[in-house]
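Below is query-v1.txt, which holds compact mmCIF, N, CA and C atoms.
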# COMPACT_ATOMS: atom_id res chain seq x y z
N MET I 1 -36.73 -75.86 -45.07
CA MET I 1 -37.57 -76.52 -44.10
C MET I 1 -38.65 -75.56 -43.63
N GLN I 2 -39.87 -76.02 -43.62
CA GLN I 2 -40.99 -75.23 -43.15
C GLN I 2 -41.23 -75.51 -41.67
N LEU I 3 -41.52 -74.46 -40.91
CA LEU I 3 -41.81 -74.62 -39.48
C LEU I 3 -43.31 -74.77 -39.29
N GLU I 4 -43.67 -75.62 -38.35
CA GLU I 4 -45.09 -75.83 -38.03
C GLU I 4 -45.60 -74.66 -37.20
N ALA I 5 -46.68 -74.04 -37.65
CA ALA I 5 -47.21 -72.86 -36.98
C ALA I 5 -47.59 -73.14 -35.53
N ASP I 6 -48.16 -74.31 -35.26
CA ASP I 6 -48.57 -74.65 -33.90
C ASP I 6 -47.37 -74.73 -32.96
N GLU I 7 -46.25 -75.21 -33.47
CA GLU I 7 -45.06 -75.34 -32.64
C GLU I 7 -44.36 -74.00 -32.43
N MET I 8 -44.72 -73.00 -33.21
CA MET I 8 -44.09 -71.69 -33.11
C MET I 8 -44.81 -70.74 -32.16
N LYS I 9 -45.92 -71.18 -31.57
CA LYS I 9 -46.70 -70.29 -30.70
C LYS I 9 -45.89 -69.70 -29.55
N PRO I 10 -45.05 -70.48 -28.86
CA PRO I 10 -44.24 -69.86 -27.79
C PRO I 10 -43.30 -68.78 -28.33
N ALA I 11 -42.69 -69.01 -29.48
CA ALA I 11 -41.81 -68.01 -30.07
C ALA I 11 -42.60 -66.78 -30.50
N ILE I 12 -43.77 -66.99 -31.06
CA ILE I 12 -44.63 -65.88 -31.47
C ILE I 12 -45.02 -65.04 -30.26
N ASN I 13 -45.37 -65.71 -29.17
CA ASN I 13 -45.73 -64.99 -27.95
C ASN I 13 -44.56 -64.16 -27.42
N ARG I 14 -43.35 -64.72 -27.47
CA ARG I 14 -42.17 -63.97 -27.02
C ARG I 14 -41.93 -62.76 -27.91
N LEU I 15 -42.10 -62.94 -29.21
CA LEU I 15 -41.89 -61.82 -30.13
C LEU I 15 -42.94 -60.73 -29.93
N LYS I 16 -44.16 -61.12 -29.64
CA LYS I 16 -45.21 -60.13 -29.35
C LYS I 16 -44.89 -59.38 -28.07
N ARG I 17 -44.37 -60.09 -27.07
CA ARG I 17 -43.96 -59.45 -25.83
C ARG I 17 -42.82 -58.46 -26.11
N ALA I 18 -41.87 -58.88 -26.92
CA ALA I 18 -40.75 -57.99 -27.28
C ALA I 18 -41.26 -56.77 -28.05
N GLN I 19 -42.23 -56.98 -28.90
CA GLN I 19 -42.82 -55.86 -29.65
C GLN I 19 -43.42 -54.83 -28.68
N GLY I 20 -44.13 -55.32 -27.68
CA GLY I 20 -44.69 -54.43 -26.67
C GLY I 20 -43.60 -53.70 -25.89
N GLN I 21 -42.53 -54.42 -25.58
CA GLN I 21 -41.42 -53.79 -24.85
C GLN I 21 -40.73 -52.74 -25.71
N LEU I 22 -40.57 -53.00 -27.00
CA LEU I 22 -39.97 -52.01 -27.89
C LEU I 22 -40.86 -50.77 -28.02
N ASN I 23 -42.16 -50.99 -28.09
CA ASN I 23 -43.09 -49.85 -28.11
C ASN I 23 -42.95 -49.03 -26.84
N ALA I 24 -42.76 -49.72 -25.72
CA ALA I 24 -42.57 -49.01 -24.44
C ALA I 24 -41.27 -48.21 -24.46
N VAL I 25 -40.21 -48.79 -25.02
CA VAL I 25 -38.93 -48.07 -25.10
C VAL I 25 -39.10 -46.80 -25.93
N ILE I 26 -39.75 -46.91 -27.06
CA ILE I 26 -39.97 -45.73 -27.91
C ILE I 26 -40.77 -44.67 -27.17
N ARG I 27 -41.83 -45.10 -26.51
CA ARG I 27 -42.66 -44.16 -25.76
C ARG I 27 -41.85 -43.50 -24.64
N MET I 28 -41.04 -44.30 -23.95
CA MET I 28 -40.22 -43.76 -22.86
C MET I 28 -39.22 -42.73 -23.39
N LEU I 29 -38.62 -43.00 -24.53
CA LEU I 29 -37.68 -42.05 -25.12
C LEU I 29 -38.39 -40.76 -25.53
N GLU I 30 -39.57 -40.91 -26.11
CA GLU I 30 -40.33 -39.73 -26.53
C GLU I 30 -40.75 -38.88 -25.34
N GLU I 31 -40.97 -39.53 -24.19
CA GLU I 31 -41.41 -38.83 -22.99
C GLU I 31 -40.24 -38.37 -22.12
N GLY I 32 -39.01 -38.70 -22.52
CA GLY I 32 -37.85 -38.29 -21.75
C GLY I 32 -37.70 -39.03 -20.44
N SER I 33 -37.97 -40.31 -20.43
CA SER I 33 -37.90 -41.11 -19.21
C SER I 33 -36.47 -41.30 -18.73
N ASP I 34 -36.36 -41.84 -17.53
CA ASP I 34 -35.08 -42.12 -16.91
C ASP I 34 -34.26 -43.10 -17.75
N CYS I 35 -32.98 -42.82 -17.90
CA CYS I 35 -32.08 -43.64 -18.73
C CYS I 35 -32.05 -45.10 -18.25
N LYS I 36 -31.97 -45.30 -16.95
CA LYS I 36 -31.89 -46.66 -16.42
C LYS I 36 -33.14 -47.46 -16.76
N ALA I 37 -34.30 -46.83 -16.66
CA ALA I 37 -35.55 -47.51 -16.98
C ALA I 37 -35.62 -47.87 -18.46
N VAL I 38 -35.15 -46.97 -19.31
CA VAL I 38 -35.16 -47.23 -20.75
C VAL I 38 -34.24 -48.39 -21.09
N VAL I 39 -33.03 -48.37 -20.54
CA VAL I 39 -32.07 -49.43 -20.83
C VAL I 39 -32.56 -50.77 -20.30
N THR I 40 -33.18 -50.77 -19.14
CA THR I 40 -33.74 -52.01 -18.57
C THR I 40 -34.81 -52.58 -19.49
N GLN I 41 -35.69 -51.75 -19.98
CA GLN I 41 -36.75 -52.20 -20.88
C GLN I 41 -36.17 -52.67 -22.22
N LEU I 42 -35.16 -51.98 -22.71
CA LEU I 42 -34.51 -52.37 -23.95
C LEU I 42 -33.81 -53.72 -23.80
N ALA I 43 -33.16 -53.94 -22.66
CA ALA I 43 -32.50 -55.22 -22.40
C ALA I 43 -33.52 -56.36 -22.35
N ALA I 44 -34.67 -56.10 -21.76
CA ALA I 44 -35.73 -57.12 -21.70
C ALA I 44 -36.23 -57.47 -23.10
N ALA I 45 -36.39 -56.46 -23.95
CA ALA I 45 -36.83 -56.71 -25.33
C ALA I 45 -35.78 -57.51 -26.09
N SER I 46 -34.54 -57.16 -25.91
CA SER I 46 -33.45 -57.87 -26.58
C SER I 46 -33.40 -59.33 -26.15
N LYS I 47 -33.56 -59.57 -24.87
CA LYS I 47 -33.53 -60.95 -24.35
C LYS I 47 -34.72 -61.75 -24.89
N ALA I 48 -35.88 -61.13 -24.98
CA ALA I 48 -37.06 -61.81 -25.51
C ALA I 48 -36.85 -62.20 -26.97
N ILE I 49 -36.24 -61.31 -27.74
CA ILE I 49 -35.97 -61.61 -29.16
C ILE I 49 -34.96 -62.75 -29.27
N ASP I 50 -33.90 -62.69 -28.46
CA ASP I 50 -32.90 -63.77 -28.48
C ASP I 50 -33.53 -65.11 -28.14
N ARG I 51 -34.34 -65.14 -27.11
CA ARG I 51 -34.98 -66.40 -26.70
C ARG I 51 -35.93 -66.91 -27.77
N ALA I 52 -36.62 -66.02 -28.43
CA ALA I 52 -37.51 -66.44 -29.52
C ALA I 52 -36.68 -67.06 -30.64
N GLY I 53 -35.57 -66.45 -30.97
CA GLY I 53 -34.70 -66.98 -32.01
C GLY I 53 -34.18 -68.36 -31.67
N PHE I 54 -33.72 -68.54 -30.44
CA PHE I 54 -33.23 -69.85 -30.01
C PHE I 54 -34.36 -70.88 -30.01
N SER I 55 -35.54 -70.47 -29.64
CA SER I 55 -36.69 -71.37 -29.64
C SER I 55 -37.03 -71.81 -31.07
N ILE I 56 -36.99 -70.88 -31.99
CA ILE I 56 -37.27 -71.20 -33.39
C ILE I 56 -36.24 -72.19 -33.93
N ILE I 57 -34.98 -71.94 -33.64
CA ILE I 57 -33.92 -72.83 -34.13
C ILE I 57 -34.01 -74.19 -33.45
N ALA I 58 -34.30 -74.23 -32.17
CA ALA I 58 -34.43 -75.51 -31.47
C ALA I 58 -35.56 -76.34 -32.07
N THR I 59 -36.67 -75.69 -32.36
CA THR I 59 -37.81 -76.39 -32.97
C THR I 59 -37.43 -76.89 -34.35
N GLY I 60 -36.76 -76.04 -35.12
CA GLY I 60 -36.30 -76.46 -36.44
C GLY I 60 -35.33 -77.61 -36.37
N LEU I 61 -34.45 -77.59 -35.39
CA LEU I 61 -33.48 -78.67 -35.22
C LEU I 61 -34.18 -79.98 -34.87
N GLU I 62 -35.19 -79.91 -34.02
CA GLU I 62 -35.98 -81.11 -33.70
C GLU I 62 -36.61 -81.69 -34.96
N GLN I 63 -37.22 -80.81 -35.76
CA GLN I 63 -37.87 -81.27 -36.99
C GLN I 63 -36.83 -81.82 -37.97
N CYS I 64 -35.67 -81.19 -38.02
CA CYS I 64 -34.61 -81.64 -38.91
C CYS I 64 -34.12 -83.03 -38.52
N LEU I 65 -33.92 -83.25 -37.24
CA LEU I 65 -33.44 -84.55 -36.77
C LEU I 65 -34.48 -85.64 -36.96
N ALA I 66 -35.75 -85.26 -36.95
CA ALA I 66 -36.82 -86.24 -37.12
C ALA I 66 -37.03 -86.60 -38.59
N SER I 67 -36.56 -85.74 -39.50
CA SER I 67 -36.76 -86.04 -40.92
C SER I 67 -35.75 -87.07 -41.39
N GLU I 68 -36.04 -87.68 -42.53
CA GLU I 68 -35.18 -88.74 -43.05
C GLU I 68 -33.86 -88.20 -43.59
N ASP I 69 -33.90 -87.10 -44.33
CA ASP I 69 -32.68 -86.55 -44.94
C ASP I 69 -32.40 -85.20 -44.29
N SER I 70 -31.63 -85.19 -43.22
CA SER I 70 -31.44 -83.98 -42.43
C SER I 70 -30.05 -83.37 -42.56
N THR I 71 -29.20 -83.87 -43.42
CA THR I 71 -27.82 -83.41 -43.50
C THR I 71 -27.71 -81.94 -43.86
N ALA I 72 -28.35 -81.52 -44.93
CA ALA I 72 -28.26 -80.13 -45.38
C ALA I 72 -28.94 -79.20 -44.40
N ASP I 73 -30.10 -79.57 -43.91
CA ASP I 73 -30.82 -78.72 -42.98
C ASP I 73 -30.04 -78.52 -41.69
N ARG I 74 -29.36 -79.52 -41.22
CA ARG I 74 -28.59 -79.43 -39.99
C ARG I 74 -27.48 -78.39 -40.13
N ALA I 75 -26.79 -78.38 -41.25
CA ALA I 75 -25.74 -77.38 -41.49
C ALA I 75 -26.33 -75.97 -41.54
N ASP I 76 -27.46 -75.82 -42.18
CA ASP I 76 -28.13 -74.52 -42.24
C ASP I 76 -28.54 -74.06 -40.85
N LEU I 77 -29.09 -74.98 -40.05
CA LEU I 77 -29.51 -74.63 -38.70
C LEU I 77 -28.32 -74.25 -37.83
N GLU I 78 -27.21 -74.92 -38.02
CA GLU I 78 -26.01 -74.58 -37.25
C GLU I 78 -25.57 -73.15 -37.57
N LYS I 79 -25.60 -72.79 -38.85
CA LYS I 79 -25.25 -71.43 -39.24
C LYS I 79 -26.21 -70.43 -38.61
N LEU I 80 -27.48 -70.74 -38.65
CA LEU I 80 -28.48 -69.84 -38.05
C LEU I 80 -28.27 -69.70 -36.54
N PHE I 81 -28.01 -70.83 -35.89
CA PHE I 81 -27.78 -70.80 -34.44
C PHE I 81 -26.58 -69.93 -34.11
N LEU I 82 -25.51 -70.08 -34.85
CA LEU I 82 -24.30 -69.31 -34.59
C LEU I 82 -24.50 -67.82 -34.90
N SER I 83 -25.41 -67.51 -35.80
CA SER I 83 -25.67 -66.10 -36.09
C SER I 83 -26.35 -65.39 -34.92
N LEU I 84 -26.99 -66.14 -34.04
CA LEU I 84 -27.62 -65.55 -32.85
C LEU I 84 -26.65 -65.35 -31.70
N ALA I 85 -25.54 -66.06 -31.76
CA ALA I 85 -24.58 -65.99 -30.65
C ALA I 85 -23.81 -64.69 -30.63

Can you give me the file's structure in the form of structure tokens?
Amino acid sequence: MQLEADEMKPAINRLKRAQGQLNAVIRMLEEGSDCKAVVTQLAAASKAIDRAGFSIIATGLEQCLASEDSTADRADLEKLFLSLA
């Protein structure tokens, strides 16, 4: 199943935000920043990635349910969803 690029914009934005947060984590580690600040930033990046993944799967599930033959895609999406848990 192909995902529509327009519908993926929120997920793309979250991943870009996570990318920025990961860059900040790397910079903080290189500069010897406070452990709590690094872990907080890392947790934020992780959460952004998780939310992007769930958003991608939710969009795919919507498209799958709207299609005429969705049996195989639904099983694949379930596996993908469970891989994020």

Output as number ranges by chain all residues of chain I that backbone DSSP marks as alpha helix (DSSP H). I: 9-31, 35-66, 71-84

What's the 6 Å shell around range 17-28 of chain I, counting only C-alpha atoms, without same-chain residues fewer than 4 positions away, as a PyMOL selection string? chain I and resi 33+38+45+48

Quick one: pull the distance between CA of Ala11 in chain I and CA of Ala75 in chain I, Å, one decimal.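 The value is 21.8 Å.
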
Just give me the gap between atom N of Ser46 in chain I and CA of Asp76 in chain I in Å, one decimal is fine. 24.7 Å

Enter the distance from CA of Ala37 in chain I to atom C of Leu84 in chain I, in Å, rounded to one decimal. 24.8 Å

Extract, using only C-alpha atoms, all DNA, RNA and protein residues at most 8 Å from range 3-8 of chain I, discarding same-chain residues fewer than 4 positions from it, and format them as a list of chain:residue names.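 So, after excluding close chain neighbours, the residues are I:Ile12, I:Ile56, I:Thr59, I:Gly60.
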
Find the residue from I:Gln41, I:Lys36, I:Ala58, I:Glu31 that sits nearest to Pro10 in chain I; use only C-alpha atoms when measuring.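 Result for the nearest residue to Pro10 in chain I: I:Ala58.
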
Using all atoms of range 54-61 of chain I listed in the file and a margin of 5 Å per side, can you give the axis-aligned box centre and edge lengths in Å to one decimal, as JSON?
{"center_x": -35.5, "center_y": -74.3, "center_z": -33.0, "size_x": 14.6, "size_y": 21.4, "size_z": 16.8}
